[in-house]
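Chemist: Below: one structure in structure tokens.
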Amino acid sequence: MKKPDCINNNVADIVLAVVGVAGILAVAAVAPNCLQLLKFVPGSKWGHQKKYYVNKVLERLINQGLITLSADSSGVKRARLSAKGQEKLKRYELSELKISVPRKWDNKYRLVIFDIKEWKRGIRDEVRSWLEHLGFVRLQNSVWVYPYECQKVVVLLKSHFKIGKEVLYLTVESIENDHWLKEEFGLV
């Protein structure tokens, strides 16, 4: 029975996360840990097929280069995230990013200004996508605004994309003609 793609991806996410959290994990230990987490995957009522299925997902992750397999001196196979797997796991962490919204606005705006070189266009486009995804509003091509404290999220994005010196985070008291911004953020 073929599982829907969303379930396949959820199981792969779980396997990556289990290996990622453990750092290095005996392959025999991967399956039980993943099997316990499968109860949280929507549509995961596979009964006795779970162990087989997790092993197939693990095999696929190895073939994709996300996990490497090695044997220690006693012959126990161990799984560990490859550099490519670590990158994919970071993307999952980024996708969970959210900015907490306080009850009351402090009447300050947070600006993110960046000047990312043309040869890094892909990164520049990804940063724009993430800012938009997080709820920032574009003032100009490389100037984005948000009304609440979000420095930790910006630092995480800078770290992930390795663009620390190319991005500035500012807190400002006012922006000229900001009524449209207040309406955009629901602050009026």
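Scheme for the structure tokens: letters A, B, ... for chains in order shown; per-chain residue numbers from 1; ligand numbers from 1 in order shown.
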Please list as a VMD selection string every residue within 8 Å of Gly164 (chain A), counting only C-alpha atoms and excluding residues in the same chain fewer than 4 positions away.
Modeler: chain A and resid 155 158 to 159
Chemist: Here is a test: counting only C-alpha atoms, which residue of A:Gln140, A:Asn107, A:Ser100, A:Asn177 is nearest to Val153 (chain A)?
Modeler: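 Smallest distance to Val153 (chain A) is found for A:Ser100.
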Chemist: Measure the distance from CA of Arg80 (chain A) to CA of Leu58 (chain A) in Å and round it to one decimal.
Modeler: 11.1 Å
Chemist: For the atom pair CA of Asp125 (chain A) and CA of Trp144 (chain A), what is the interatomic distance in Å to one decimal place?
Modeler: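 Spanning CA of Asp125 (chain A) to CA of Trp144 (chain A) is a straight-line distance of 13.2 Å.
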Chemist: Skipping near chain neighbours, those fewer than 3 positions away, what residues fall within 12 Å of Leu97 (chain A) using only C-alpha atoms, listed as a ChimeraX atom specification?
Modeler: /A:90-94,100,130-131,133-135,150,152-157
Chemist: Name all residues at most 12 Å from Phe136 (chain A) (count only C-alpha atoms; drop same-chain ones fewer than 5 positions away) and give them as a ChimeraX atom specification.
Modeler: /A:98-99,109-113,127-131,142-150,153-154,181,184-185
Chemist: Mind the document's chain letters and residue numbers, and return as an NGL selection string the residues of region 63-161 of chain A that DSSP labels alpha helix (DSSP H).
Modeler: :A and (63 or 83-95 or 121-134 or 151-161)
Chemist: Using only N, CA and C atoms, please write the residues we just selected to a file, as a compact mmCIF listing (two decimals), in the first residue's frame.
Modeler:
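Full text of selection-v7.txt as output:
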```txt
# COMPACT_ATOMS: atom_id res chain seq x y z
N ASN A 63 20.22 7.19 0.54
CA ASN A 63 20.41 7.31 -0.92
C ASN A 63 20.39 8.76 -1.37
N ALA A 83 26.29 16.72 5.84
CA ALA A 83 26.18 18.19 5.75
C ALA A 83 24.88 18.57 5.06
N LYS A 84 24.52 17.82 4.03
CA LYS A 84 23.27 18.07 3.31
C LYS A 84 22.06 17.85 4.22
N GLY A 85 22.13 16.82 5.07
CA GLY A 85 21.05 16.53 6.02
C GLY A 85 20.93 17.61 7.08
N GLN A 86 22.08 18.11 7.54
CA GLN A 86 22.06 19.18 8.53
C GLN A 86 21.42 20.44 7.94
N GLU A 87 21.72 20.71 6.67
CA GLU A 87 21.14 21.87 6.00
C GLU A 87 19.62 21.72 5.90
N LYS A 88 19.17 20.53 5.54
CA LYS A 88 17.73 20.29 5.42
C LYS A 88 17.05 20.41 6.78
N LEU A 89 17.69 19.91 7.83
CA LEU A 89 17.14 20.01 9.18
C LEU A 89 17.05 21.48 9.62
N LYS A 90 18.05 22.29 9.25
CA LYS A 90 17.99 23.72 9.56
C LYS A 90 16.79 24.38 8.89
N ARG A 91 16.51 23.95 7.66
CA ARG A 91 15.34 24.50 6.94
C ARG A 91 14.05 24.16 7.67
N TYR A 92 13.97 22.94 8.23
CA TYR A 92 12.78 22.57 9.01
C TYR A 92 12.66 23.49 10.22
N GLU A 93 13.80 23.75 10.88
CA GLU A 93 13.78 24.63 12.04
C GLU A 93 13.34 26.04 11.63
N LEU A 94 13.84 26.51 10.49
CA LEU A 94 13.43 27.83 10.02
C LEU A 94 11.94 27.88 9.73
N SER A 95 11.41 26.78 9.20
CA SER A 95 9.98 26.78 8.85
C SER A 95 9.10 26.89 10.09
N ARG A 121 22.32 36.37 -5.43
CA ARG A 121 20.92 36.68 -5.73
C ARG A 121 19.97 35.65 -5.14
N GLY A 122 20.31 34.38 -5.23
CA GLY A 122 19.45 33.33 -4.69
C GLY A 122 19.20 33.51 -3.20
N ILE A 123 20.27 33.82 -2.47
CA ILE A 123 20.14 34.05 -1.02
C ILE A 123 19.28 35.29 -0.79
N ARG A 124 19.53 36.33 -1.55
CA ARG A 124 18.75 37.58 -1.41
C ARG A 124 17.26 37.31 -1.61
N ASP A 125 16.94 36.53 -2.62
CA ASP A 125 15.53 36.20 -2.88
C ASP A 125 14.94 35.35 -1.75
N GLU A 126 15.74 34.43 -1.22
CA GLU A 126 15.26 33.61 -0.10
C GLU A 126 15.01 34.46 1.14
N VAL A 127 15.91 35.41 1.41
CA VAL A 127 15.72 36.30 2.57
C VAL A 127 14.43 37.09 2.41
N ARG A 128 14.18 37.60 1.22
CA ARG A 128 12.93 38.33 0.97
C ARG A 128 11.72 37.43 1.22
N SER A 129 11.80 36.20 0.73
CA SER A 129 10.68 35.26 0.93
C SER A 129 10.44 35.00 2.40
N TRP A 130 11.52 34.81 3.16
CA TRP A 130 11.37 34.55 4.59
C TRP A 130 10.77 35.75 5.31
N LEU A 131 11.24 36.94 4.97
CA LEU A 131 10.70 38.14 5.62
C LEU A 131 9.21 38.27 5.33
N GLU A 132 8.83 38.02 4.09
CA GLU A 132 7.42 38.09 3.73
C GLU A 132 6.63 37.01 4.48
N HIS A 133 7.19 35.80 4.54
CA HIS A 133 6.55 34.69 5.26
C HIS A 133 6.34 35.02 6.74
N LEU A 134 7.29 35.73 7.33
CA LEU A 134 7.21 36.07 8.75
C LEU A 134 6.28 37.25 9.02
N GLN A 151 14.39 40.59 16.86
CA GLN A 151 15.83 40.53 16.64
C GLN A 151 16.36 39.10 16.64
N LYS A 152 15.84 38.25 17.50
CA LYS A 152 16.32 36.87 17.56
C LYS A 152 16.06 36.13 16.25
N VAL A 153 14.90 36.37 15.66
CA VAL A 153 14.56 35.73 14.38
C VAL A 153 15.48 36.25 13.29
N VAL A 154 15.75 37.55 13.27
CA VAL A 154 16.63 38.13 12.27
C VAL A 154 18.05 37.59 12.43
N VAL A 155 18.51 37.46 13.65
CA VAL A 155 19.84 36.89 13.90
C VAL A 155 19.91 35.45 13.39
N LEU A 156 18.85 34.69 13.61
CA LEU A 156 18.81 33.31 13.13
C LEU A 156 18.87 33.26 11.60
N LEU A 157 18.12 34.13 10.93
CA LEU A 157 18.17 34.19 9.47
C LEU A 157 19.56 34.59 8.98
N LYS A 158 20.16 35.59 9.64
CA LYS A 158 21.51 36.02 9.26
C LYS A 158 22.50 34.88 9.41
N SER A 159 22.36 34.15 10.49
CA SER A 159 23.26 33.02 10.74
C SER A 159 23.04 31.91 9.73
N HIS A 160 21.80 31.58 9.46
CA HIS A 160 21.49 30.50 8.53
C HIS A 160 22.02 30.79 7.13
N PHE A 161 21.82 32.00 6.66
CA PHE A 161 22.24 32.35 5.31
C PHE A 161 23.68 32.89 5.25
```
Chemist: Enumerate as number ranges by chain all residues of region 30-169 of chain A assigned to strand (DSSP E) by DSSP on the backbone, naming them with the chain letters and numbers the document uses.
Modeler: A: 67-71, 77-81, 109-114, 137-140, 143-146, 167-169
Chemist: Which distance in Å separates CA of Leu139 (chain A) and CA of His179 (chain A), to one decimal?
Modeler: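 Value for the CA of Leu139 (chain A)-CA of His179 (chain A) distance: 13.1 Å.
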Chemist: Could you check which of A:Trp119, A:Ser82, A:Tyr52, A:Leu168 is closest to Leu66 (chain A), using only C-alpha atoms?
Modeler: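 Closest residue, counting only C-alpha atoms: A:Ser82.
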